[in-house]
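Containing CSV, C-alpha atoms: target.csv.
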chain,number,residue,atom,x,y,z
Q,1,MET,CA,-9.6,10.4,27.4
Q,2,THR,CA,-7.3,13.3,27.9
Q,3,ASN,CA,-7.9,16.7,26.4
Q,4,SER,CA,-4.7,18.3,27.6
Q,5,LEU,CA,-3.0,18.2,24.2
Q,6,PRO,CA,-2.9,21.3,22.0
Q,7,GLN,CA,-5.2,21.5,19.0
Q,8,ASP,CA,-2.1,21.6,16.8
Q,9,TYR,CA,-1.4,18.0,17.9
Q,10,TYR,CA,-4.7,16.8,16.5
Q,11,GLN,CA,-4.4,18.9,13.3
Q,12,LYS,CA,-0.9,17.5,12.6
Q,13,LEU,CA,-1.9,14.0,13.4
Q,14,HIS,CA,-4.9,14.3,11.1
Q,15,GLU,CA,-2.7,15.6,8.3
Q,16,ILE,CA,-0.3,12.7,8.7
Q,17,GLN,CA,-3.3,10.2,8.6
Q,18,ALA,CA,-4.7,11.9,5.4
Q,19,VAL,CA,-1.3,11.7,3.6
Q,20,ASP,CA,-0.8,8.1,4.6
Q,21,PHE,CA,-4.3,7.3,3.4
Q,22,VAL,CA,-3.3,8.7,0.0
Q,23,LEU,CA,-0.2,6.5,0.0
Q,24,VAL,CA,-2.2,3.4,0.7
Q,25,GLU,CA,-4.6,4.3,-2.2
Q,26,LEU,CA,-1.7,4.9,-4.5
Q,27,MET,CA,-0.1,1.6,-3.5
Q,28,LEU,CA,-3.3,-0.3,-4.2
Q,29,TYR,CA,-3.5,1.5,-7.6
Q,30,LEU,CA,0.1,0.7,-8.4
Q,31,ASP,CA,-0.5,-3.0,-7.6
Q,32,THR,CA,-2.6,-3.1,-10.7
Q,33,HIS,CA,-0.9,-0.4,-12.7
Q,34,PRO,CA,2.8,-0.8,-12.0
Q,35,ASP,CA,4.0,1.1,-15.1
Q,36,ASP,CA,2.0,4.3,-14.5
Q,37,SER,CA,4.9,6.7,-14.2
Q,38,ASP,CA,2.6,9.6,-13.1
Q,39,ALA,CA,1.3,7.5,-10.2
Q,40,ILE,CA,4.8,6.5,-9.2
Q,41,LYS,CA,5.9,10.1,-9.2
Q,42,GLN,CA,2.9,11.1,-7.1
Q,43,TYR,CA,3.6,8.2,-4.7
Q,44,ASN,CA,7.2,9.3,-4.3
Q,45,GLN,CA,6.1,12.9,-3.7
Q,46,TYR,CA,3.5,11.9,-1.0
Q,47,ALA,CA,6.0,9.5,0.6
Q,48,GLY,CA,8.5,12.3,1.0
Q,49,TYR,CA,5.8,14.6,2.3
Q,50,SER,CA,4.8,11.9,4.8
Q,51,ARG,CA,8.3,11.5,6.1
Q,52,LYS,CA,8.7,15.3,6.6
Q,53,LEU,CA,5.4,15.5,8.4
Q,54,LYS,CA,6.3,12.6,10.7
Q,55,ALA,CA,9.7,13.9,11.4
Q,56,LYS,CA,8.3,17.4,12.3
Q,57,PHE,CA,5.6,15.8,14.5
Q,58,GLU,CA,8.0,13.5,16.3
Q,59,SER,CA,10.4,16.3,17.0
Q,60,ARG,CA,7.6,18.2,18.7
Q,61,TYR,CA,5.4,15.6,20.3
Q,62,GLY,CA,7.6,12.4,20.4
Q,63,PRO,CA,7.6,9.2,18.4
Q,64,LEU,CA,4.5,8.1,16.6
Q,65,ILE,CA,5.4,4.4,16.9
Q,66,GLN,CA,7.4,2.2,19.2
Q,67,GLY,CA,10.4,0.7,17.7
Q,68,ASN,CA,11.4,3.4,15.3
Q,69,PRO,CA,14.6,2.3,13.6
Q,70,ASP,CA,16.0,5.8,14.1
Q,71,GLN,CA,17.0,5.2,17.7
Q,72,THR,CA,18.3,8.5,19.1
Q,73,GLU,CA,18.8,9.6,22.7
Q,74,SER,CA,15.1,10.3,22.9
Q,75,TYR,CA,14.2,6.8,21.6
Q,76,TRP,CA,12.5,5.8,24.8
Q,77,SER,CA,10.5,9.0,25.0
Q,78,TRP,CA,7.5,7.3,23.3
Q,79,ARG,CA,6.4,6.3,26.8
Q,80,ARG,CA,5.8,10.0,27.6
Q,81,SER,CA,3.7,10.5,24.5
Q,82,PRO,CA,-0.1,10.0,24.6
Q,83,TRP,CA,-1.2,6.5,24.0
Q,84,PRO,CA,-3.5,5.9,21.0
Q,85,TRP,CA,-6.6,5.7,23.1
Q,86,GLN,CA,-5.8,9.0,24.8
Q,87,VAL,CA,-6.1,11.1,21.7
Would it be possible to restate this file's structure as structure tokens?
Amino acid sequence: MTNSLPQDYYQKLHEIQAVDFVLVELMLYLDTHPDDSDAIKQYNQYAGYSRKLKAKFESRYGPLIQGNPDQTESYWSWRRSPWPWQV
């Protein structure tokens, strides 16, 4: 395991994971309560927040996943990012 990554990397990754956990929980709730407009609004807010966090993270540290549909010039830079078992 490598510890050469800055602490900010881990903090931002943890924040993304926490927000995505909230999204999963809201999706599960909405599966059984599809007409709950407050939950839909909350889901949409967290989904937007998740996209912003991921875009900021990826601009600084590289792609979070291989095969991102937003293929840019740096698309193949995922190879230079730490692998999941390295963080």
Find the distance between CA of Val24 in chain Q and CA of Asn44 in chain Q and write it in Å to one decimal.
->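 Here the two named atoms are 12.2 Å from each other.
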State, in Å with one decimal place, the distance from CA of Tyr9 in chain Q to CA of Tyr43 in chain Q.
->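 Taking CA of Tyr9 in chain Q and CA of Tyr43 in chain Q, their separation equals 25.1 Å.
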Please identify all polymer residues within 12 Å of Glu25 in chain Q, counting only C-alpha atoms, omitting same-chain residues fewer than 3 positions from it, and present them as a count of residues only.
-> 15
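As for CA of Ala47 in chain Q and CA of Gln7 in chain Q, they are spaced 24.7 Å apart.
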Q:Ser37, Q:Ser50, Q:Gln11, Q:Ser59: which is nearest Ser81 in chain Q, counting all atoms listed in the file?
->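 Residue with the minimum atom-to-atom distance to Ser81 in chain Q: Q:Ser59.
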From the list Q:Tyr10, Q:Leu26, Q:Gln17, Q:Leu5, which residue is nearest Arg51 in chain Q when using all atoms listed in the file?
->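 Of the candidates, the smallest distance to Arg51 in chain Q is held by Q:Gln17.
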Have a look at Q:His33, Q:Ile16, Q:Gln86, Q:Asp8 and name the one nearest to Gly48 in chain Q; count all atoms listed in the file.
-> Q:Ile16
Closest to Pro6 in chain Q among Q:Ala55, Q:Ile65, Q:Arg60, Q:Lys41, using only C-alpha atoms?
-> Q:Arg60
